[in-house]
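Below is the file upload.cif, which contains mmCIF, C-alpha atoms.
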data_entry
#
loop_
_atom_site.group_PDB
_atom_site.id
_atom_site.type_symbol
_atom_site.label_atom_id
_atom_site.label_comp_id
_atom_site.auth_asym_id
_atom_site.auth_seq_id
_atom_site.Cartn_x
_atom_site.Cartn_y
_atom_site.Cartn_z
ATOM 1 C CA PRO R 1 47.403 234.966 104.278
ATOM 2 C CA ILE R 2 43.715 235.554 103.599
ATOM 3 C CA ASP R 3 42.328 234.139 100.349
ATOM 4 C CA LEU R 4 39.804 236.790 99.314
ATOM 5 C CA GLU R 5 38.015 236.737 95.953
ATOM 6 C CA VAL R 6 36.231 239.754 94.534
ATOM 7 C CA HIS R 7 33.669 239.166 91.793
ATOM 8 C CA SER R 8 32.545 242.306 90.011
ATOM 9 C CA LEU R 9 30.073 240.960 87.482
ATOM 10 C CA SER R 10 27.359 243.409 88.582
ATOM 11 C CA SER R 11 27.297 247.015 89.775
ATOM 12 C CA MET R 12 28.099 245.837 93.316
ATOM 13 C CA PRO R 13 31.169 243.662 93.861
ATOM 14 C CA GLU R 14 30.758 240.394 95.762
ATOM 15 C CA PHE R 15 33.382 239.249 98.256
ATOM 16 C CA TYR R 16 34.217 235.599 98.972
ATOM 17 C CA LEU R 17 36.516 234.117 101.581
ATOM 18 C CA ASN R 18 38.174 230.802 100.713
ATOM 19 C CA THR R 19 39.056 228.713 103.762
ATOM 20 C CA HIS R 20 39.976 225.080 104.311
ATOM 21 C CA TRP R 21 36.431 224.710 105.735
ATOM 22 C CA GLY R 22 34.879 225.913 102.471
ATOM 23 C CA LYS R 23 34.031 229.071 100.572
ATOM 24 C CA ALA R 24 31.913 231.787 102.172
ATOM 25 C CA ARG R 25 30.241 234.822 100.625
ATOM 26 C CA LEU R 26 30.837 237.869 102.798
ATOM 27 C CA ASN R 27 28.193 240.523 103.275
ATOM 28 C CA LEU R 28 30.758 243.030 104.562
ATOM 29 C CA PRO R 29 33.253 244.161 101.908
ATOM 30 C CA GLY R 30 37.008 244.316 102.001
ATOM 31 C CA LYS R 31 40.134 242.651 103.279
ATOM 32 C CA ARG R 32 39.531 243.647 106.915
ATOM 33 C CA ALA R 33 36.105 241.964 106.863
ATOM 34 C CA ALA R 34 37.719 238.827 105.422
ATOM 35 C CA GLU R 35 40.381 238.862 108.150
ATOM 36 C CA ASN R 36 37.715 239.218 110.845
ATOM 37 C CA ALA R 37 35.629 236.406 109.346
ATOM 38 C CA ALA R 38 38.670 234.112 109.168
ATOM 39 C CA LEU R 39 39.469 234.883 112.806
ATOM 40 C CA ALA R 40 35.890 234.092 113.848
ATOM 41 C CA LEU R 41 35.956 230.763 111.990
ATOM 42 C CA THR R 42 39.318 229.854 113.515
ATOM 43 C CA THR R 43 37.998 230.721 116.973
ATOM 44 C CA PHE R 44 34.950 228.502 116.394
ATOM 45 C CA ALA R 45 37.251 225.629 115.422
ATOM 46 C CA GLN R 46 39.435 226.136 118.511
ATOM 47 C CA LEU R 47 36.333 226.138 120.741
ATOM 48 C CA GLY R 48 35.151 222.846 119.248
ATOM 49 C CA PHE R 49 32.408 224.203 116.980
ATOM 50 C CA SER R 50 32.135 223.369 113.293
ATOM 51 C CA PRO R 51 33.213 226.331 111.132
ATOM 52 C CA GLU R 52 31.571 224.631 108.130
ATOM 53 C CA ALA R 53 28.190 225.029 109.817
ATOM 54 C CA HIS R 54 28.690 228.810 110.096
ATOM 55 C CA LEU R 55 29.928 229.703 106.615
ATOM 56 C CA THR R 56 26.473 230.790 105.423
ATOM 57 C CA ALA R 57 26.068 233.051 108.469
ATOM 58 C CA LEU R 58 28.790 235.313 107.056
ATOM 59 C CA GLU R 59 26.365 236.306 104.273
ATOM 60 C CA LYS R 60 24.017 237.768 106.886
ATOM 61 C CA VAL R 61 26.486 239.844 108.894
ATOM 62 C CA SER R 62 25.360 243.456 108.989
ATOM 63 C CA TRP R 63 27.103 246.516 110.355
ATOM 64 C CA PRO R 64 25.018 249.607 109.539
ATOM 65 C CA GLY R 65 27.218 252.435 108.347
ATOM 66 C CA ARG R 66 30.223 250.155 107.651
ATOM 67 C CA MET R 67 30.857 250.558 103.928
ATOM 68 C CA GLU R 68 27.142 251.106 103.474
ATOM 69 C CA ARG R 69 26.237 252.248 99.972
ATOM 70 C CA PHE R 70 24.238 255.473 99.821
ATOM 71 C CA MET R 71 23.051 256.826 96.482
ATOM 72 C CA PRO R 72 20.217 259.307 96.096
ATOM 73 C CA ALA R 73 18.580 259.211 92.671
ATOM 74 C CA SER R 74 19.977 262.625 91.725
ATOM 75 C CA TRP R 75 23.626 261.710 92.386
ATOM 76 C CA PRO R 76 25.902 260.546 89.561
ATOM 77 C CA CYS R 77 27.787 258.052 91.740
ATOM 78 C CA PRO R 78 27.408 256.300 95.099
ATOM 79 C CA LEU R 79 28.798 257.422 98.439
ATOM 80 C CA TYR R 80 30.110 254.736 100.796
ATOM 81 C CA LEU R 81 29.829 255.382 104.521
ATOM 82 C CA SER R 82 32.720 254.292 106.700
#

Same coordinates, now as structure tokens:
Amino acid sequence: PIDLEVHSLSSMPEFYLNTHWGKARLNLPGKRAAENAALALTTFAQLGFSPEAHLTALEKVSWPGRMERFMPASWPCPLYLS
């Protein structure tokens, strides 16, 4: 099972993945992003790389259009692209 934390202290929720290598803030939202990040870290470990050294890289992952927040000033609420 994936240990995903969602912190919603601001207008935009923050997503964190807890692993036995440490805690990582995810730039991409949602359970699927957490599953993909966990798979990448596990693959790194199996290939002999240090997953701990790559936890901060998960904060920089960008996928334009994937749950991207779009909110023109005149709109009452945001639209999320998928």

Neighbours of point (35.7, 226.9, 99.6) within 12 Å, using only C-alpha atoms, written as a PyMOL selection string | chain R and resi 3-5+16-25+51-52+55-56

So that I have them on file, write out the residues from the current selection with C-alpha atoms, as a tab-separated table (two decimals), in the coordinates of the input.
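That gives us part_30.tsv:
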chain	number	residue	atom	x	y	z
R	3	ASP	CA	42.33	234.14	100.35
R	4	LEU	CA	39.80	236.79	99.31
R	5	GLU	CA	38.02	236.74	95.95
R	16	TYR	CA	34.22	235.60	98.97
R	17	LEU	CA	36.52	234.12	101.58
R	18	ASN	CA	38.17	230.80	100.71
R	19	THR	CA	39.06	228.71	103.76
R	20	HIS	CA	39.98	225.08	104.31
R	21	TRP	CA	36.43	224.71	105.74
R	22	GLY	CA	34.88	225.91	102.47
R	23	LYS	CA	34.03	229.07	100.57
R	24	ALA	CA	31.91	231.79	102.17
R	25	ARG	CA	30.24	234.82	100.62
R	51	PRO	CA	33.21	226.33	111.13
R	52	GLU	CA	31.57	224.63	108.13
R	55	LEU	CA	29.93	229.70	106.62
R	56	THR	CA	26.47	230.79	105.42

Quick one: pull the distance between atom CA of R:Lys31 and atom CA of R:Ala73, Å, one decimal.
-> 29.2 Å

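Considering all atoms listed in the file, the residue among R:Val61, R:Met12, R:Ala38, R:Ile2 positioned nearest to R:Tyr80 is R:Met12.
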
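Put simply, atom CA of R:Lys60 is 8.0 Å away from atom CA of R:Leu26.
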
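Interatomic distance, atom CA of R:Leu58 to atom CA of R:Pro29: 11.2 Å.
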
Return as a tab-separated table the residues of stretch 5-36 of chain R lying at most 9 Å from stretch 62-71 of chain R, together with the closest atom-to-atom pair for each and the distance in Å to one decimal, counting only C-alpha atoms, with rows in chain order and ascending residue number.
residue	atom	partner	partner_atom	distance
R:Asn27	CA	R:Ser62	CA	7.0
R:Leu28	CA	R:Ser62	CA	7.0
R:Pro29	CA	R:Met67	CA	7.1
R:Gly30	CA	R:Met67	CA	9.0
